$ cat coords-v3.tsv   # TSV, N, CA and C atoms
chain	number	residue	atom	x	y	z
A	1	MET	N	-7.73	3.23	3.69
A	1	MET	CA	-6.36	3.38	4.13
A	1	MET	C	-5.61	2.10	3.78
A	2	PHE	N	-4.39	2.26	3.36
A	2	PHE	CA	-3.61	1.13	2.92
A	2	PHE	C	-2.32	1.02	3.72
A	3	THR	N	-1.86	-0.20	3.92
A	3	THR	CA	-0.64	-0.41	4.68
A	3	THR	C	0.56	-0.62	3.78
A	4	ARG	N	0.47	-1.52	2.83
A	4	ARG	CA	1.60	-1.81	1.94
A	4	ARG	C	1.19	-1.57	0.51
A	5	ARG	N	2.17	-1.26	-0.31
A	5	ARG	CA	1.93	-1.10	-1.72
A	5	ARG	C	2.87	-2.03	-2.46
A	6	ALA	N	2.41	-2.52	-3.58
A	6	ALA	CA	3.26	-3.38	-4.39
A	6	ALA	C	3.36	-2.77	-5.78
A	7	TRP	N	4.56	-2.66	-6.24
A	7	TRP	CA	4.78	-2.19	-7.60
A	7	TRP	C	5.83	-3.12	-8.17
A	8	LEU	N	5.56	-3.68	-9.29
A	8	LEU	CA	6.40	-4.76	-9.79
A	8	LEU	C	7.05	-4.41	-11.11
A	9	PRO	N	8.24	-3.87	-11.20
A	9	PRO	CA	9.01	-3.09	-10.23
A	9	PRO	C	8.56	-1.64	-10.26
A	10	SER	N	9.20	-0.75	-9.51
A	10	SER	CA	8.78	0.64	-9.50
A	10	SER	C	9.93	1.59	-9.34
A	11	GLU	N	9.83	2.70	-10.05
A	11	GLU	CA	10.75	3.80	-9.82
A	11	GLU	C	10.02	4.90	-9.11
A	12	ILE	N	8.72	4.70	-8.86
A	12	ILE	CA	7.91	5.70	-8.17
A	12	ILE	C	7.86	5.35	-6.70
A	13	VAL	N	8.16	6.31	-5.86
A	13	VAL	CA	8.08	6.09	-4.42
A	13	VAL	C	6.72	6.59	-3.98
A	14	LEU	N	5.93	5.68	-3.40
A	14	LEU	CA	4.59	6.03	-2.95
A	14	LEU	C	4.62	6.42	-1.49
A	15	ARG	N	3.75	7.33	-1.11
A	15	ARG	CA	3.65	7.70	0.29
A	15	ARG	C	2.30	7.27	0.81
A	16	GLU	N	2.26	6.90	2.07
A	16	GLU	CA	1.01	6.49	2.68
A	16	GLU	C	0.16	7.71	2.98
A	17	ARG	N	-1.13	7.49	2.98
A	17	ARG	CA	-2.04	8.56	3.37
A	17	ARG	C	-1.87	8.78	4.86
A	18	GLY	N	-1.53	9.97	5.23
A	18	GLY	CA	-1.35	10.30	6.64
A	18	GLY	C	-2.68	10.64	7.29
A	19	THR	N	-2.71	10.59	8.59
A	19	THR	CA	-3.95	10.90	9.31
A	19	THR	C	-4.35	12.35	9.10
A	20	GLU	N	-3.39	13.25	8.86
A	20	GLU	CA	-3.72	14.65	8.60
A	20	GLU	C	-4.53	14.79	7.33
A	21	ALA	N	-4.13	14.04	6.28
A	21	ALA	CA	-4.85	14.13	5.01
A	21	ALA	C	-6.28	13.62	5.17
A	22	ILE	N	-6.44	12.57	5.92
A	22	ILE	CA	-7.78	12.01	6.13
A	22	ILE	C	-8.62	12.96	6.99
A	23	ALA	N	-8.03	13.47	8.06
A	23	ALA	CA	-8.75	14.34	8.98
A	23	ALA	C	-9.12	15.67	8.35
A	24	SER	N	-8.33	16.12	7.37
A	24	SER	CA	-8.58	17.43	6.78
A	24	SER	C	-9.74	17.41	5.79
A	25	ARG	N	-10.19	16.25	5.37
A	25	ARG	CA	-11.29	16.16	4.43
A	25	ARG	C	-12.61	16.40	5.15
A	26	ILE	N	-13.46	17.20	4.56
A	26	ILE	CA	-14.76	17.48	5.15
A	26	ILE	C	-15.68	16.31	4.85
A	27	PRO	N	-16.23	15.67	5.89
A	27	PRO	CA	-17.09	14.51	5.64
A	27	PRO	C	-18.43	14.91	5.03
A	28	MET	N	-18.90	14.09	4.12
A	28	MET	CA	-20.23	14.29	3.56
A	28	MET	C	-21.21	13.50	4.40
A	29	SER	N	-22.48	13.88	4.37
A	29	SER	CA	-23.45	13.13	5.14
A	29	SER	C	-23.62	11.71	4.58
A	30	HIS	N	-23.57	11.58	3.27
A	30	HIS	CA	-23.66	10.28	2.62
A	30	HIS	C	-22.77	10.26	1.39
A	31	LYS	N	-22.22	9.09	1.09
A	31	LYS	CA	-21.43	8.93	-0.12
A	31	LYS	C	-22.35	8.85	-1.33
A	32	ILE	N	-21.85	9.30	-2.46
A	32	ILE	CA	-22.55	9.16	-3.73
A	32	ILE	C	-22.24	7.74	-4.22
A	33	PRO	N	-23.23	6.98	-4.68
A	33	PRO	CA	-22.98	5.60	-5.12
A	33	PRO	C	-22.38	5.52	-6.52
A	34	VAL	N	-21.37	6.35	-6.74
A	34	VAL	CA	-20.62	6.38	-7.99
A	34	VAL	C	-19.16	6.47	-7.61
A	35	SER	N	-18.32	5.64	-8.23
A	35	SER	CA	-16.90	5.64	-7.89
A	35	SER	C	-16.05	5.43	-9.14
A	36	THR	N	-14.74	5.56	-8.94
A	36	THR	CA	-13.80	5.30	-10.03
A	36	THR	C	-12.77	4.27	-9.57
A	37	LEU	N	-12.23	3.56	-10.54
A	37	LEU	CA	-11.11	2.65	-10.34
A	37	LEU	C	-10.04	3.10	-11.32
A	38	VAL	N	-8.80	3.26	-10.83
A	38	VAL	CA	-7.71	3.69	-11.70
A	38	VAL	C	-6.68	2.57	-11.78
A	39	LEU	N	-6.52	2.04	-12.98
A	39	LEU	CA	-5.51	1.02	-13.23
A	39	LEU	C	-4.21	1.74	-13.60
A	40	VAL	N	-3.24	1.71	-12.69
A	40	VAL	CA	-1.94	2.35	-12.93
A	40	VAL	C	-1.00	1.27	-13.47
A	41	HIS	N	-0.39	1.54	-14.63
A	41	HIS	CA	0.44	0.52	-15.27
A	41	HIS	C	1.62	1.16	-15.99
A	42	THR	N	2.62	0.34	-16.28
A	42	THR	CA	3.78	0.76	-17.07
A	42	THR	C	3.54	0.35	-18.52
A	43	PRO	N	4.39	0.81	-19.45
A	43	PRO	CA	4.28	0.34	-20.84
A	43	PRO	C	4.43	-1.17	-20.95
A	44	GLU	N	5.15	-1.77	-20.01
A	44	GLU	CA	5.33	-3.23	-20.01
A	44	GLU	C	4.14	-3.95	-19.37
A	45	LEU	N	3.13	-3.19	-18.97
A	45	LEU	CA	1.90	-3.69	-18.34
A	45	LEU	C	2.13	-4.25	-16.94
A	46	LEU	N	3.11	-3.71	-16.23
A	46	LEU	CA	3.23	-3.99	-14.80
A	46	LEU	C	2.21	-3.10	-14.11
A	47	VAL	N	1.50	-3.65	-13.13
A	47	VAL	CA	0.36	-2.97	-12.52
A	47	VAL	C	0.60	-2.67	-11.05
A	48	LEU	N	0.20	-1.48	-10.63
A	48	LEU	CA	0.28	-1.07	-9.23
A	48	LEU	C	-0.91	-1.63	-8.48
A	49	LEU	N	-0.66	-2.30	-7.33
A	49	LEU	CA	-1.72	-2.78	-6.46
A	49	LEU	C	-1.47	-2.25	-5.05
A	50	LEU	N	-2.54	-1.96	-4.33
A	50	LEU	CA	-2.48	-1.48	-2.96
A	50	LEU	C	-3.12	-2.51	-2.05
A	51	GLU	N	-2.49	-2.79	-0.91
A	51	GLU	CA	-3.08	-3.71	0.06
A	51	GLU	C	-3.92	-2.91	1.04
A	52	ARG	N	-5.13	-3.35	1.26
A	52	ARG	CA	-6.04	-2.65	2.17
A	52	ARG	C	-5.64	-2.92	3.62
A	53	ALA	N	-5.65	-1.87	4.43
A	53	ALA	CA	-5.33	-2.00	5.86
A	53	ALA	C	-6.45	-2.72	6.59
A	54	ASP	N	-7.71	-2.50	6.15
A	54	ASP	CA	-8.84	-3.11	6.84
A	54	ASP	C	-9.12	-4.54	6.38
A	55	PHE	N	-8.46	-4.99	5.32
A	55	PHE	CA	-8.59	-6.37	4.83
A	55	PHE	C	-7.21	-6.87	4.41
A	56	PRO	N	-6.38	-7.29	5.37
A	56	PRO	CA	-5.05	-7.78	5.02
A	56	PRO	C	-5.12	-8.87	3.95
A	57	ASP	N	-4.15	-8.88	3.09
A	57	ASP	CA	-4.05	-9.81	1.97
A	57	ASP	C	-5.08	-9.55	0.87
A	58	PHE	N	-5.77	-8.41	0.93
A	58	PHE	CA	-6.70	-8.01	-0.13
A	58	PHE	C	-6.04	-6.87	-0.88
A	59	TRP	N	-5.71	-7.10	-2.13
A	59	TRP	CA	-5.01	-6.13	-2.96
A	59	TRP	C	-5.95	-5.59	-4.03
A	60	GLN	N	-5.82	-4.32	-4.35
A	60	GLN	CA	-6.71	-3.72	-5.33
A	60	GLN	C	-6.04	-2.53	-6.01
A	61	SER	N	-6.68	-2.06	-7.07
A	61	SER	CA	-6.25	-0.83	-7.74
A	61	SER	C	-6.74	0.35	-6.92
A	62	VAL	N	-6.36	1.54	-7.33
A	62	VAL	CA	-6.84	2.77	-6.69
A	62	VAL	C	-8.33	2.89	-6.96
A	63	THR	N	-9.11	3.14	-5.92
A	63	THR	CA	-10.54	3.33	-6.07
A	63	THR	C	-11.02	4.44	-5.15
A	64	GLY	N	-12.17	4.99	-5.44
A	64	GLY	CA	-12.74	5.99	-4.54
A	64	GLY	C	-14.04	6.56	-5.06
A	65	SER	N	-14.81	7.09	-4.12
A	65	SER	CA	-16.14	7.62	-4.43
A	65	SER	C	-16.09	9.04	-4.98
A	66	GLN	N	-17.01	9.30	-5.88
A	66	GLN	CA	-17.15	10.62	-6.45
A	66	GLN	C	-17.68	11.58	-5.40
A	67	GLU	N	-17.17	12.81	-5.40
A	67	GLU	CA	-17.67	13.84	-4.51
A	67	GLU	C	-18.55	14.78	-5.30
A	68	GLU	N	-19.47	15.43	-4.62
A	68	GLU	CA	-20.43	16.31	-5.28
A	68	GLU	C	-19.71	17.35	-6.14
A	69	GLY	N	-20.17	17.49	-7.39
A	69	GLY	CA	-19.63	18.48	-8.29
A	69	GLY	C	-18.42	18.04	-9.09
A	70	GLU	N	-17.89	16.85	-8.82
A	70	GLU	CA	-16.72	16.36	-9.55
A	70	GLU	C	-17.13	15.63	-10.82
A	71	SER	N	-16.29	15.75	-11.85
A	71	SER	CA	-16.44	14.87	-13.00
A	71	SER	C	-15.80	13.53	-12.62
A	72	LEU	N	-16.06	12.51	-13.40
A	72	LEU	CA	-15.45	11.21	-13.11
A	72	LEU	C	-13.93	11.28	-13.24
A	73	ALA	N	-13.42	12.02	-14.23
A	73	ALA	CA	-11.97	12.16	-14.38
A	73	ALA	C	-11.36	12.88	-13.18
A	74	GLN	N	-12.07	13.88	-12.64
A	74	GLN	CA	-11.58	14.58	-11.45
A	74	GLN	C	-11.55	13.64	-10.25
A	75	THR	N	-12.56	12.79	-10.13
A	75	THR	CA	-12.58	11.81	-9.04
A	75	THR	C	-11.39	10.88	-9.15
A	76	ALA	N	-11.16	10.34	-10.33
A	76	ALA	CA	-10.05	9.42	-10.55
A	76	ALA	C	-8.72	10.09	-10.23
A	77	THR	N	-8.54	11.31	-10.68
A	77	THR	CA	-7.30	12.06	-10.45
A	77	THR	C	-7.10	12.35	-8.97
A	78	ARG	N	-8.15	12.77	-8.28
A	78	ARG	CA	-8.06	13.07	-6.85
A	78	ARG	C	-7.74	11.82	-6.04
A	79	GLU	N	-8.45	10.74	-6.31
A	79	GLU	CA	-8.21	9.50	-5.55
A	79	GLU	C	-6.80	8.98	-5.78
A	80	LEU	N	-6.32	9.07	-7.02
A	80	LEU	CA	-4.96	8.63	-7.32
A	80	LEU	C	-3.95	9.43	-6.50
A	81	LYS	N	-4.13	10.74	-6.44
A	81	LYS	CA	-3.21	11.60	-5.68
A	81	LYS	C	-3.31	11.30	-4.18
A	82	GLU	N	-4.53	11.17	-3.67
A	82	GLU	CA	-4.72	10.91	-2.24
A	82	GLU	C	-4.13	9.57	-1.80
A	83	GLU	N	-4.34	8.54	-2.60
A	83	GLU	CA	-3.96	7.20	-2.19
A	83	GLU	C	-2.51	6.83	-2.52
A	84	THR	N	-1.91	7.52	-3.50
A	84	THR	CA	-0.56	7.14	-3.90
A	84	THR	C	0.43	8.29	-3.96
A	85	GLY	N	-0.06	9.52	-4.04
A	85	GLY	CA	0.83	10.66	-4.23
A	85	GLY	C	1.17	10.91	-5.69
A	86	ILE	N	0.65	10.07	-6.59
A	86	ILE	CA	0.94	10.23	-8.02
A	86	ILE	C	0.07	11.34	-8.60
A	87	ASP	N	0.72	12.29	-9.30
A	87	ASP	CA	0.02	13.37	-9.97
A	87	ASP	C	-0.26	12.93	-11.41
A	88	ALA	N	-1.52	12.64	-11.70
A	88	ALA	CA	-1.88	12.14	-13.03
A	88	ALA	C	-1.48	13.10	-14.13
A	89	GLY	N	-1.59	14.40	-13.88
A	89	GLY	CA	-1.24	15.40	-14.88
A	89	GLY	C	0.20	15.33	-15.32
A	90	SER	N	1.08	14.88	-14.44
A	90	SER	CA	2.50	14.75	-14.77
A	90	SER	C	2.76	13.60	-15.74
A	91	HIS	N	1.75	12.76	-15.94
A	91	HIS	CA	1.88	11.59	-16.81
A	91	HIS	C	0.86	11.62	-17.94
A	92	GLY	N	0.35	12.80	-18.26
A	92	GLY	CA	-0.59	12.92	-19.37
A	92	GLY	C	-2.06	12.81	-19.00
A	93	GLY	N	-2.36	12.60	-17.73
A	93	GLY	CA	-3.75	12.52	-17.28
A	93	GLY	C	-4.32	11.12	-17.36
A	94	VAL	N	-5.41	10.92	-16.65
A	94	VAL	CA	-6.07	9.61	-16.66
A	94	VAL	C	-6.82	9.42	-17.97
A	95	LEU	N	-6.92	8.17	-18.38
A	95	LEU	CA	-7.63	7.80	-19.60
A	95	LEU	C	-8.92	7.09	-19.22
A	96	ASP	N	-10.04	7.61	-19.69
A	96	ASP	CA	-11.35	7.00	-19.43
A	96	ASP	C	-11.54	5.81	-20.37
A	97	TRP	N	-11.68	4.63	-19.80
A	97	TRP	CA	-11.87	3.43	-20.62
A	97	TRP	C	-13.33	3.28	-21.07
A	98	ASN	N	-14.20	4.20	-20.64
A	98	ASN	CA	-15.62	4.11	-21.00
A	98	ASN	C	-16.20	2.74	-20.65
A	99	LEU	N	-15.80	2.26	-19.50
A	99	LEU	CA	-16.24	0.96	-18.99
A	99	LEU	C	-16.71	1.18	-17.56
A	100	SER	N	-17.83	0.60	-17.21
A	100	SER	CA	-18.30	0.70	-15.83
A	100	SER	C	-18.84	-0.65	-15.37
A	101	ASN	N	-18.77	-0.84	-14.07
A	101	ASN	CA	-19.26	-2.05	-13.43
A	101	ASN	C	-20.23	-1.66	-12.33
A	102	VAL	N	-21.33	-2.36	-12.25
A	102	VAL	CA	-22.29	-2.13	-11.16
A	102	VAL	C	-22.15	-3.30	-10.20
A	103	TYR	N	-21.99	-2.98	-8.94
A	103	TYR	CA	-21.87	-4.05	-7.96
A	103	TYR	C	-22.66	-3.72	-6.70
A	104	GLU	N	-23.01	-4.76	-5.98
A	104	GLU	CA	-23.76	-4.60	-4.74
A	104	GLU	C	-22.83	-4.09	-3.64
A	105	ILE	N	-23.34	-3.14	-2.87
A	105	ILE	CA	-22.59	-2.61	-1.73
A	105	ILE	C	-22.78	-3.57	-0.56
A	106	PHE	N	-21.67	-3.94	0.10
A	106	PHE	CA	-21.78	-4.83	1.26
A	106	PHE	C	-22.77	-4.24	2.26
A	107	PRO	N	-23.67	-5.06	2.81
A	107	PRO	CA	-24.66	-4.55	3.78
A	107	PRO	C	-24.04	-3.74	4.92
A	108	ARG	N	-22.86	-4.15	5.40
A	108	ARG	CA	-22.26	-3.43	6.54
A	108	ARG	C	-21.82	-2.01	6.18
A	109	TRP	N	-21.73	-1.68	4.87
A	109	TRP	CA	-21.31	-0.34	4.45
A	109	TRP	C	-22.46	0.50	3.89
A	110	ARG	N	-23.66	-0.04	3.84
A	110	ARG	CA	-24.77	0.68	3.20
A	110	ARG	C	-25.20	1.92	3.95
A	111	ASP	N	-24.89	1.99	5.24
A	111	ASP	CA	-25.27	3.19	6.00
A	111	ASP	C	-24.46	4.42	5.58
A	112	ARG	N	-23.40	4.23	4.81
A	112	ARG	CA	-22.59	5.33	4.29
A	112	ARG	C	-23.26	6.03	3.11
A	113	TYR	N	-24.29	5.40	2.55
A	113	TYR	CA	-24.97	5.88	1.35
A	113	TYR	C	-26.38	6.32	1.70
A	114	PRO	N	-27.04	7.06	0.79
A	114	PRO	CA	-28.43	7.43	1.04
A	114	PRO	C	-29.29	6.19	1.30
A	115	LYS	N	-30.28	6.35	2.15
A	115	LYS	CA	-31.16	5.24	2.53
A	115	LYS	C	-31.71	4.54	1.29
A	116	GLY	N	-31.66	3.22	1.32
A	116	GLY	CA	-32.18	2.40	0.23
A	116	GLY	C	-31.17	2.10	-0.87
A	117	THR	N	-29.98	2.70	-0.81
A	117	THR	CA	-28.97	2.46	-1.83
A	117	THR	C	-28.34	1.09	-1.60
A	118	THR	N	-28.34	0.26	-2.62
A	118	THR	CA	-27.78	-1.09	-2.51
A	118	THR	C	-26.67	-1.37	-3.52
A	119	HIS	N	-26.53	-0.51	-4.55
A	119	HIS	CA	-25.55	-0.75	-5.60
A	119	HIS	C	-24.73	0.51	-5.90
A	120	ASN	N	-23.52	0.30	-6.36
A	120	ASN	CA	-22.60	1.35	-6.74
A	120	ASN	C	-22.18	1.13	-8.19
A	121	THR	N	-21.99	2.21	-8.92
A	121	THR	CA	-21.46	2.12	-10.28
A	121	THR	C	-20.03	2.63	-10.27
A	122	GLU	N	-19.10	1.77	-10.67
A	122	GLU	CA	-17.68	2.09	-10.67
A	122	GLU	C	-17.20	2.26	-12.11
A	123	HIS	N	-16.57	3.40	-12.40
A	123	HIS	CA	-16.09	3.74	-13.74
A	123	HIS	C	-14.58	3.52	-13.79
A	124	VAL	N	-14.11	2.88	-14.87
A	124	VAL	CA	-12.72	2.47	-14.97
A	124	VAL	C	-11.89	3.48	-15.78
A	125	PHE	N	-10.76	3.86	-15.19
A	125	PHE	CA	-9.78	4.75	-15.81
A	125	PHE	C	-8.43	4.06	-15.76
A	126	ALA	N	-7.48	4.58	-16.53
A	126	ALA	CA	-6.12	4.05	-16.50
A	126	ALA	C	-5.13	5.22	-16.53
A	127	LEU	N	-3.93	4.94	-16.04
A	127	LEU	CA	-2.82	5.90	-16.12
A	127	LEU	C	-1.55	5.11	-16.40
A	128	GLU	N	-0.88	5.48	-17.50
A	128	GLU	CA	0.40	4.86	-17.81
A	128	GLU	C	1.51	5.70	-17.18
A	129	VAL	N	2.41	5.05	-16.48
A	129	VAL	CA	3.56	5.70	-15.86
A	129	VAL	C	4.82	5.02	-16.35
A	130	PRO	N	5.96	5.72	-16.27
A	130	PRO	CA	7.20	5.10	-16.74
A	130	PRO	C	7.60	3.89	-15.92
$ encode --input "coords-v3.tsv" --output "C-alpha cells"
Amino acid sequence: MFTRRAWLPSEIVLRERGTEAIASRIPMSHKIPVSTLVLVHTPELLVLLLERADFPDFWQSVTGSQEEGESLAQTATRELKEETGIDAGSHGGVLDWNLSNVYEIFPRWRDRYPKGTTHNTEHVFALEVP
C-alpha cells in the first residue's frame, strides 16, 4: 500500500489502492517467489515512483508477486493497474526487458512464502506513457 506518489511531472492522475480493492483479492496460502518490477517512464525519461506506506521515505517502482497461472507480463500489467490505475494496454502494453534480479527475502517476510524460501526472482518490465 502506498501513501504518496511522485511523478515528475505528470498528466496522469493516480488513484490510491482502496481497502475494497485489497479486501476483494482472494489470499493465497503462500506467495510465489517470483515478482515483476515495472518502470513507468515518459519519452523524456521522467520516472514514476511510489512511496511505501509501511516504509516512509522509501520510494520504488511498481512491483508485485506473480499469482498462480499468470504470465510475467500479466503480473506486471495487473500490478500496474492495482497500484496506479494505469491501464498498460492503453499505452501499448508492458515491455519485457528480459532482465531479472535475484534478491534475498527479508527474514520478517519469509513466512509469506513456502517454507524454506529465502530468495525471490524479480523480472523487469517497462511502460512508456505520454
$ select_by_dssp --input "coords-v3.tsv" --residues "range 62-107 of chain A" --states "helix (DSSP H, G or I)" --output "PyMOL selection string"
chain A and resi 72-84+88-91+107
$ closest_residue --input "coords-v3.tsv" --among "A:Thr63, A:Ser29, A:Thr42, A:Ser90" --to "Glu122 in chain A" --atoms "only C-alpha atoms"
A:Thr63
$ residues_near_point --input "coords-v3.tsv" --point "(-13.4, 3.7, -20.2)" --cutoff "7 Å" --atoms "all atoms listed in the file" --output "JSON, numbers by chain"
{"A": [95, 96, 97, 98, 99, 100, 123, 124, 125]}
$ atom_distance --input "coords-v3.tsv" --atom1 "CA of Glu104 in chain A" --atom2 "CA of Thr121 in chain A"
9.0 Å
$ atom_distance --input "coords-v3.tsv" --atom1 "atom N of Asp57 in chain A" --atom2 "atom C of Val102 in chain A"
23.1 Å
$ atom_distance --input "coords-v3.tsv" --atom1 "CA of Lys115 in chain A" --atom2 "CA of Gly64 in chain A"
19.7 Å
$ residues_around --input "coords-v3.tsv" --residues "Tyr103 in chain A" --least-positions-apart "2" --cutoff "12 Å" --atoms "only C-alpha atoms" --output "VMD selection string"
chain A and resid 33 to 35 100 to 101 105 to 106 117 to 123
$ write_last_selection --input "coords-v3.tsv" --atoms "N, CA and C atoms" --output "PDB file, keeping the file's coordinate frame"
ATOM      1  N   PRO A  33     -23.230   6.980  -4.680  1.00  0.00           N
ATOM      2  CA  PRO A  33     -22.980   5.600  -5.120  1.00  0.00           C
ATOM      3  C   PRO A  33     -22.380   5.520  -6.520  1.00  0.00           C
ATOM      4  N   VAL A  34     -21.370   6.350  -6.740  1.00  0.00           N
ATOM      5  CA  VAL A  34     -20.620   6.380  -7.990  1.00  0.00           C
ATOM      6  C   VAL A  34     -19.160   6.470  -7.610  1.00  0.00           C
ATOM      7  N   SER A  35     -18.320   5.640  -8.230  1.00  0.00           N
ATOM      8  CA  SER A  35     -16.900   5.640  -7.890  1.00  0.00           C
ATOM      9  C   SER A  35     -16.050   5.430  -9.140  1.00  0.00           C
ATOM     10  N   SER A 100     -17.830   0.600 -17.210  1.00  0.00           N
ATOM     11  CA  SER A 100     -18.300   0.700 -15.830  1.00  0.00           C
ATOM     12  C   SER A 100     -18.840  -0.650 -15.370  1.00  0.00           C
ATOM     13  N   ASN A 101     -18.770  -0.840 -14.070  1.00  0.00           N
ATOM     14  CA  ASN A 101     -19.260  -2.050 -13.430  1.00  0.00           C
ATOM     15  C   ASN A 101     -20.230  -1.660 -12.330  1.00  0.00           C
ATOM     16  N   ILE A 105     -23.340  -3.140  -2.870  1.00  0.00           N
ATOM     17  CA  ILE A 105     -22.590  -2.610  -1.730  1.00  0.00           C
ATOM     18  C   ILE A 105     -22.780  -3.570  -0.560  1.00  0.00           C
ATOM     19  N   PHE A 106     -21.670  -3.940   0.100  1.00  0.00           N
ATOM     20  CA  PHE A 106     -21.780  -4.830   1.260  1.00  0.00           C
ATOM     21  C   PHE A 106     -22.770  -4.240   2.260  1.00  0.00           C
ATOM     22  N   THR A 117     -29.980   2.700  -0.810  1.00  0.00           N
ATOM     23  CA  THR A 117     -28.970   2.460  -1.830  1.00  0.00           C
ATOM     24  C   THR A 117     -28.340   1.090  -1.600  1.00  0.00           C
ATOM     25  N   THR A 118     -28.340   0.260  -2.620  1.00  0.00           N
ATOM     26  CA  THR A 118     -27.780  -1.090  -2.510  1.00  0.00           C
ATOM     27  C   THR A 118     -26.670  -1.370  -3.520  1.00  0.00           C
ATOM     28  N   HIS A 119     -26.530  -0.510  -4.550  1.00  0.00           N
ATOM     29  CA  HIS A 119     -25.550  -0.750  -5.600  1.00  0.00           C
ATOM     30  C   HIS A 119     -24.730   0.510  -5.900  1.00  0.00           C
ATOM     31  N   ASN A 120     -23.520   0.300  -6.360  1.00  0.00           N
ATOM     32  CA  ASN A 120     -22.600   1.350  -6.740  1.00  0.00           C
ATOM     33  C   ASN A 120     -22.180   1.130  -8.190  1.00  0.00           C
ATOM     34  N   THR A 121     -21.990   2.210  -8.920  1.00  0.00           N
ATOM     35  CA  THR A 121     -21.460   2.120 -10.280  1.00  0.00           C
ATOM     36  C   THR A 121     -20.030   2.630 -10.270  1.00  0.00           C
ATOM     37  N   GLU A 122     -19.100   1.770 -10.670  1.00  0.00           N
ATOM     38  CA  GLU A 122     -17.680   2.090 -10.670  1.00  0.00           C
ATOM     39  C   GLU A 122     -17.200   2.260 -12.110  1.00  0.00           C
ATOM     40  N   HIS A 123     -16.570   3.400 -12.400  1.00  0.00           N
ATOM     41  CA  HIS A 123     -16.090   3.740 -13.740  1.00  0.00           C
ATOM     42  C   HIS A 123     -14.580   3.520 -13.790  1.00  0.00           C
TER      43      HIS A 123
END
$ closest_residue --input "coords-v3.tsv" --among "A:Leu127, A:Leu72, A:Val47, A:Val62" --to "Ala88 in chain A" --atoms "all atoms listed in the file"
A:Leu127
$ closest_residue --input "coords-v3.tsv" --among "A:Pro107, A:Ile32, A:Glu51, A:Glu128" --to "Glu68 in chain A" --atoms "all atoms listed in the file"
A:Ile32
$ closest_residue --input "coords-v3.tsv" --among "A:Leu46, A:Pro114, A:Ala53, A:Val94" --to "Glu79 in chain A" --atoms "only C-alpha atoms"
A:Val94
$ residues_near_point --input "coords-v3.tsv" --point "(-4.2, 3.5, -11.2)" --cutoff "7 Å" --atoms "all atoms listed in the file" --output "list of chain:residue names"
A:Leu37, A:Val38, A:Leu39, A:Val40, A:His41, A:Leu48, A:Ser61, A:Val62, A:Leu80, A:Phe125, A:Ala126, A:Leu127
$ select_by_dssp --input "coords-v3.tsv" --residues "range 48-86 of chain A" --states "strand (DSSP E)" --output "list of chain:residue names"
A:Leu49, A:Leu50, A:Glu51, A:Arg52, A:Trp59, A:Gln60, A:Val62, A:Thr63, A:Gly64, A:Ser65
